[in-house]
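This report concerns only the one structure given below.
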Amino acid sequence: MAIRILPEQLINQIAAGEVVERPAAVVKELVENSLDAEARAVEVELEGGGLSLIRIRDDGNGIARDELPMALTRHATSKIESLDQLERVASFGFRGEALPSVLSVSRLSLVSRTATDEHGWRLAGEGAIAADAQPQPAPHSPGTTLEVRDLFYNTPARRKFMRTESTEFRHVDQALRRIALARPERAFALRHNGREVFRLARGSAEARMKALCGEAFADSAILIEEERLGMRLWGWTALPSFSRAQPDLQYFFVNGRVVRDKLVASALRRAYADALHSTRYPAFVLFFELDPSGVDVNVHPAKLEVRFRQSATVHDFLFGSIQRALRDVRPEPQQHHRV
Ligand code: ADP
Ligand code: MG
């Protein structure tokens, strides 16, 4: 075969394989867009675990009529315009990949209204937007609604990897709870098959933590607040007596971003090592903040991984902070009986 450039939709479908591998990833991307658009409230509605329908409505800044086609275009973003800004990026998004990726593997409708519009504008497509598509007027309050139907309808190989509706639903539920935990000043709601799953009012970080992690965790959690060398760690970490059989109550955020990181995991494991049996998992909700230039978030298309510039310093700070907090509530065992 001769070398040629792939068709646009296929390029987007390839990207979709990394960015939106299942309904939960679609919800994460779209809700993060709502938060980047300064929404105060985000409502998520699912049918069939998100495989039939994902509808996300926000009251954020909206997208101007003339920019609707751009929002669905690959590598188009309103969030950064230079390498310099990428290195300091504070928004969730910056790659301009989520919407075109989702569009390429679904039937998508986008309705949006800015503060100055008199009504909303709608643009929709199946797999792609027709070259001559024009936004049509549609009723909407200021903000944006994305509707994603029949995810992976045109990529059967991917569709086959989807699990049952209830499994996909569980992943969405988890993903949304993780985001909501880090954004207590925003309201969130989740509905599935017409039934309300949860509704979280805007409030304090502590109220949100209790609502999502339960009173039992809250009661056995130590409040952490440490600041050093431009780094800050705060949140709650449970006493070893509240350990879990699964790592299912472990939330770690880097500058408000949900992150899975080996360095972080190892720092926490080590901090608990003396107090916890190796088959048990600690529970924590921790927020780590540092200057955005100290962390590279552009490591992974779904941005679940990060790279710390000063990884040893970060590791020592996390380990030290947690270890100290645990030691302060668990005095050292008496030494004088030992020989
Ligand atoms: P990115 O988030 O990386 O910029 P996306 O493909 O997720 O890329 O979104 C493309 C653009 O569409 C965003 O930069 C933003 O300008 C706009 N956009 C997407 N979702 C929303 C929303 N809910 N409210 C307002 N603008 C949005
Ligand atoms: Mg985005």
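Each chain of the structure tokens is named A, B, ... in the order shown, its residues numbered from 1; ligands are numbered from 1 in display order.
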
I want to know what sits within 7 Å of stretch 141-149 of chain A, based on only C-alpha atoms, with residues of the same chain fewer than 2 positions away left out; could you give that as a PyMOL selection string? chain A and resi 52-62+106-115+151

Let me have all residues with an atom within 9 Å of ligand 1, counting only C-alpha atoms and all ligand atoms, laid out as JSON, numbers by chain. {"A": [29, 30, 31, 32, 33, 34, 35, 36, 37, 38, 39, 56, 57, 58, 59, 60, 61, 62, 63, 64, 67, 68, 70, 71, 72, 73, 74, 75, 76, 77, 78, 79, 80, 91, 92, 93, 94, 95, 96, 97, 98, 99, 100, 101, 102, 110, 112, 113, 114, 143, 144, 145, 146]}

Using only C-alpha atoms, which residues sit within 7 Å of stretch 85-89 of chain A once same-chain residues fewer than 4 positions away are excluded, as a ChimeraX atom specification? /A:80-81,292-293

Now that the selection is made, can you save its residues with C-alpha atoms as an mmCIF file, in the first residue's frame?
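Ended up saving to selection-v3.cif:
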data_model
loop_
_atom_site.group_PDB
_atom_site.id
_atom_site.type_symbol
_atom_site.label_atom_id
_atom_site.label_comp_id
_atom_site.auth_asym_id
_atom_site.auth_seq_id
_atom_site.Cartn_x
_atom_site.Cartn_y
_atom_site.Cartn_z
ATOM 1 C CA ILE A 80 -4.113 26.794 25.831
ATOM 2 C CA GLU A 81 -2.319 28.341 22.900
ATOM 3 C CA PRO A 292 1.520 23.504 38.116
ATOM 4 C CA SER A 293 5.003 23.818 36.630
#

Restricting the calculation to only C-alpha atoms: of A:Ala16, A:Ala187, A:Ala157, A:Ala24, which residue gets closest to A:Glu43?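 So, comparing all the options, the nearest one is A:Ala187.
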
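For stretch 263-272 of chain A, the list of residues within 7 Å, based on only C-alpha atoms and with local chain neighbours fewer than 6 positions off taken out, reads A:His315, A:Leu318, A:Phe319, A:Ile322, A:Gln323.
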
Extract the full set of helix (DSSP H, G or I) residues from stretch 121-315 of chain A according to DSSP on the backbone, and format it as number ranges by chain. A: 156-159, 165-182, 205-213, 215-220, 240-242, 262-272, 292-294, 311-315

Can you tell me, as a PyMOL selection string, what residues are no more than 10 Å from A:Gln13 when counting only C-alpha atoms, ignoring any on the same chain fewer than 5 positions away? chain A and resi 8+18-20+100-105+127+152+154-155

Using C-alpha atoms, can you export the residues from the last selection as a PDB file, in the first residue's frame?
ATOM      1  CA  GLU A   8     -10.328  12.393   9.655  1.00  0.00           C
ATOM      2  CA  GLU A  18      -7.135   5.932  24.194  1.00  0.00           C
ATOM      3  CA  VAL A  19      -9.252   8.814  25.449  1.00  0.00           C
ATOM      4  CA  VAL A  20     -12.684   7.235  25.815  1.00  0.00           C
ATOM      5  CA  PRO A 100     -14.104  14.808  18.309  1.00  0.00           C
ATOM      6  CA  SER A 101     -13.160  11.398  19.730  1.00  0.00           C
ATOM      7  CA  VAL A 102     -16.580  10.856  21.302  1.00  0.00           C
ATOM      8  CA  LEU A 103     -18.317  12.095  18.160  1.00  0.00           C
ATOM      9  CA  SER A 104     -16.363   9.655  15.996  1.00  0.00           C
ATOM     10  CA  VAL A 105     -17.764   6.649  17.886  1.00  0.00           C
ATOM     11  CA  GLY A 127     -19.654   9.571  13.718  1.00  0.00           C
ATOM     12  CA  PHE A 152     -19.225   2.486  19.813  1.00  0.00           C
ATOM     13  CA  ASN A 154     -19.778   1.992  14.536  1.00  0.00           C
ATOM     14  CA  THR A 155     -16.756   0.272  16.134  1.00  0.00           C
TER      15      THR A 155
END

Mind pulling up the distance from atom CA of A:Gln250 to atom CA of A:Leu190? 21.3 Å

Atom CA of A:Arg208 to atom CA of A:Ser321, distance in Å rounded to a single decimal: 23.0 Å

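Candidate residues A:Ala180, A:Gln174, A:Trp234, A:Val26 were compared for distance to ligand 2, and the nearest is A:Val26, using only C-alpha atoms and all ligand atoms.
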
Could you tell me which of A:Ala238, A:Leu286, A:Val27, A:Ala124 comes closest to ligand 2 if we count only C-alpha atoms and all ligand atoms?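 Nearest to ligand 2: A:Val27.
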
All strand (DSSP E or B) positions in stretch 244-334 of chain A, as an MDAnalysis selection string: chainID A and resid 244 250:254 257:258 281 284:289 295:296 307:308

Go ahead and save the residues from that selection, with N, CA and C atoms, as a PDB file, in the first residue's frame.
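The resulting file, again09.pdb, is shown below:
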ATOM      1  N   ARG A 244      -9.042  -1.531  54.748  1.00  0.00           N
ATOM      2  CA  ARG A 244      -9.994  -2.176  53.840  1.00  0.00           C
ATOM      3  C   ARG A 244      -9.376  -3.419  53.213  1.00  0.00           C
ATOM      4  N   GLN A 250      -9.594   4.941  48.247  1.00  0.00           N
ATOM      5  CA  GLN A 250      -8.319   5.634  48.106  1.00  0.00           C
ATOM      6  C   GLN A 250      -8.483   6.714  47.050  1.00  0.00           C
ATOM      7  N   TYR A 251      -8.476   7.937  47.496  1.00  0.00           N
ATOM      8  CA  TYR A 251      -8.640   9.053  46.571  1.00  0.00           C
ATOM      9  C   TYR A 251      -7.461   9.993  46.737  1.00  0.00           C
ATOM     10  N   PHE A 252      -6.756  10.195  45.657  1.00  0.00           N
ATOM     11  CA  PHE A 252      -5.609  11.096  45.707  1.00  0.00           C
ATOM     12  C   PHE A 252      -5.710  12.054  44.529  1.00  0.00           C
ATOM     13  N   PHE A 253      -5.687  13.332  44.822  1.00  0.00           N
ATOM     14  CA  PHE A 253      -5.840  14.336  43.782  1.00  0.00           C
ATOM     15  C   PHE A 253      -4.587  15.197  43.706  1.00  0.00           C
ATOM     16  N   VAL A 254      -4.125  15.444  42.515  1.00  0.00           N
ATOM     17  CA  VAL A 254      -2.999  16.355  42.325  1.00  0.00           C
ATOM     18  C   VAL A 254      -3.545  17.600  41.648  1.00  0.00           C
ATOM     19  N   ARG A 257      -6.900  17.078  40.244  1.00  0.00           N
ATOM     20  CA  ARG A 257      -7.031  16.050  39.221  1.00  0.00           C
ATOM     21  C   ARG A 257      -6.954  14.668  39.838  1.00  0.00           C
ATOM     22  N   VAL A 258      -7.823  13.779  39.414  1.00  0.00           N
ATOM     23  CA  VAL A 258      -7.760  12.392  39.858  1.00  0.00           C
ATOM     24  C   VAL A 258      -6.521  11.764  39.244  1.00  0.00           C
ATOM     25  N   TYR A 281      -5.629  -2.566  52.970  1.00  0.00           N
ATOM     26  CA  TYR A 281      -5.379  -1.307  52.256  1.00  0.00           C
ATOM     27  C   TYR A 281      -5.822  -0.118  53.091  1.00  0.00           C
ATOM     28  N   PHE A 284      -8.088   6.735  52.255  1.00  0.00           N
ATOM     29  CA  PHE A 284      -7.723   8.160  52.351  1.00  0.00           C
ATOM     30  C   PHE A 284      -8.392   8.988  51.270  1.00  0.00           C
ATOM     31  N   VAL A 285      -8.563  10.248  51.593  1.00  0.00           N
ATOM     32  CA  VAL A 285      -8.997  11.263  50.631  1.00  0.00           C
ATOM     33  C   VAL A 285      -7.994  12.388  50.785  1.00  0.00           C
ATOM     34  N   LEU A 286      -7.081  12.505  49.846  1.00  0.00           N
ATOM     35  CA  LEU A 286      -5.987  13.453  50.013  1.00  0.00           C
ATOM     36  C   LEU A 286      -5.851  14.369  48.799  1.00  0.00           C
ATOM     37  N   PHE A 287      -5.618  15.607  49.100  1.00  0.00           N
ATOM     38  CA  PHE A 287      -5.442  16.602  48.053  1.00  0.00           C
ATOM     39  C   PHE A 287      -4.018  17.133  48.126  1.00  0.00           C
ATOM     40  N   PHE A 288      -3.295  16.949  47.043  1.00  0.00           N
ATOM     41  CA  PHE A 288      -1.905  17.404  46.988  1.00  0.00           C
ATOM     42  C   PHE A 288      -1.851  18.573  46.019  1.00  0.00           C
ATOM     43  N   GLU A 289      -1.299  19.669  46.498  1.00  0.00           N
ATOM     44  CA  GLU A 289      -1.234  20.854  45.639  1.00  0.00           C
ATOM     45  C   GLU A 289       0.198  21.323  45.515  1.00  0.00           C
ATOM     46  N   VAL A 295       4.656  19.756  37.894  1.00  0.00           N
ATOM     47  CA  VAL A 295       4.074  18.466  37.536  1.00  0.00           C
ATOM     48  C   VAL A 295       3.677  18.484  36.066  1.00  0.00           C
ATOM     49  N   ASP A 296       4.014  17.404  35.361  1.00  0.00           N
ATOM     50  CA  ASP A 296       3.661  17.279  33.947  1.00  0.00           C
ATOM     51  C   ASP A 296       2.404  16.424  33.847  1.00  0.00           C
ATOM     52  N   ARG A 307       3.693  13.250  35.963  1.00  0.00           N
ATOM     53  CA  ARG A 307       5.102  13.086  36.270  1.00  0.00           C
ATOM     54  C   ARG A 307       5.535  14.286  37.106  1.00  0.00           C
ATOM     55  N   PHE A 308       6.142  14.007  38.240  1.00  0.00           N
ATOM     56  CA  PHE A 308       6.600  15.099  39.100  1.00  0.00           C
ATOM     57  C   PHE A 308       8.024  15.476  38.741  1.00  0.00           C
TER      58      PHE A 308
END

Using only C-alpha atoms and all ligand atoms, find the one residue out of A:Leu276, A:Val197, A:Leu51, A:Ala302 that sits nearest to ligand 2.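 Closest to ligand 2, using only C-alpha atoms and all ligand atoms: A:Ala302.
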
Of the residues A:Ala325, A:Gln134, A:Leu200, A:Val299, which is the one nearest to A:Ala221, using only C-alpha atoms?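 The answer is A:Ala325, which sits nearest to A:Ala221.
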
List the neighbours of A:Met231 out to 10 Å using only C-alpha atoms; skip same-chain residues closer than 4 positions along the sequence, and give me the result as a compact mmCIF listing (two decimals) with N, CA and C atoms, in the first residue's frame.
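Written out: around.txt:
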# COMPACT_ATOMS: atom_id res chain seq x y z
N GLU A 226 -0.56 19.81 55.84
CA GLU A 226 0.89 19.99 55.88
C GLU A 226 1.30 20.87 54.72
N GLU A 227 2.24 21.73 55.00
CA GLU A 227 2.70 22.61 53.93
C GLU A 227 4.21 22.76 54.05
N PHE A 288 -3.29 16.95 47.04
CA PHE A 288 -1.91 17.40 46.99
C PHE A 288 -1.85 18.57 46.02
N GLU A 289 -1.30 19.67 46.50
CA GLU A 289 -1.23 20.85 45.64
C GLU A 289 0.20 21.32 45.52
N LEU A 290 0.59 21.63 44.30
CA LEU A 290 1.91 22.19 44.07
C LEU A 290 1.83 23.08 42.86
N ASP A 291 2.87 23.87 42.64
CA ASP A 291 2.87 24.75 41.48
C ASP A 291 2.70 23.90 40.22
N GLY A 294 5.47 22.25 38.47
CA GLY A 294 6.21 21.17 39.11
C GLY A 294 5.68 19.79 38.74
N THR A 313 11.56 14.60 46.23
CA THR A 313 11.06 15.56 47.20
C THR A 313 9.57 15.32 47.47
N VAL A 314 8.83 15.07 46.40
CA VAL A 314 7.39 14.82 46.54
C VAL A 314 7.16 13.55 47.36
N PHE A 317 7.94 14.13 51.03
CA PHE A 317 6.94 14.99 51.66
C PHE A 317 5.66 14.21 51.96
N LEU A 318 5.20 13.43 51.00
CA LEU A 318 3.97 12.65 51.21
C LEU A 318 4.17 11.60 52.30
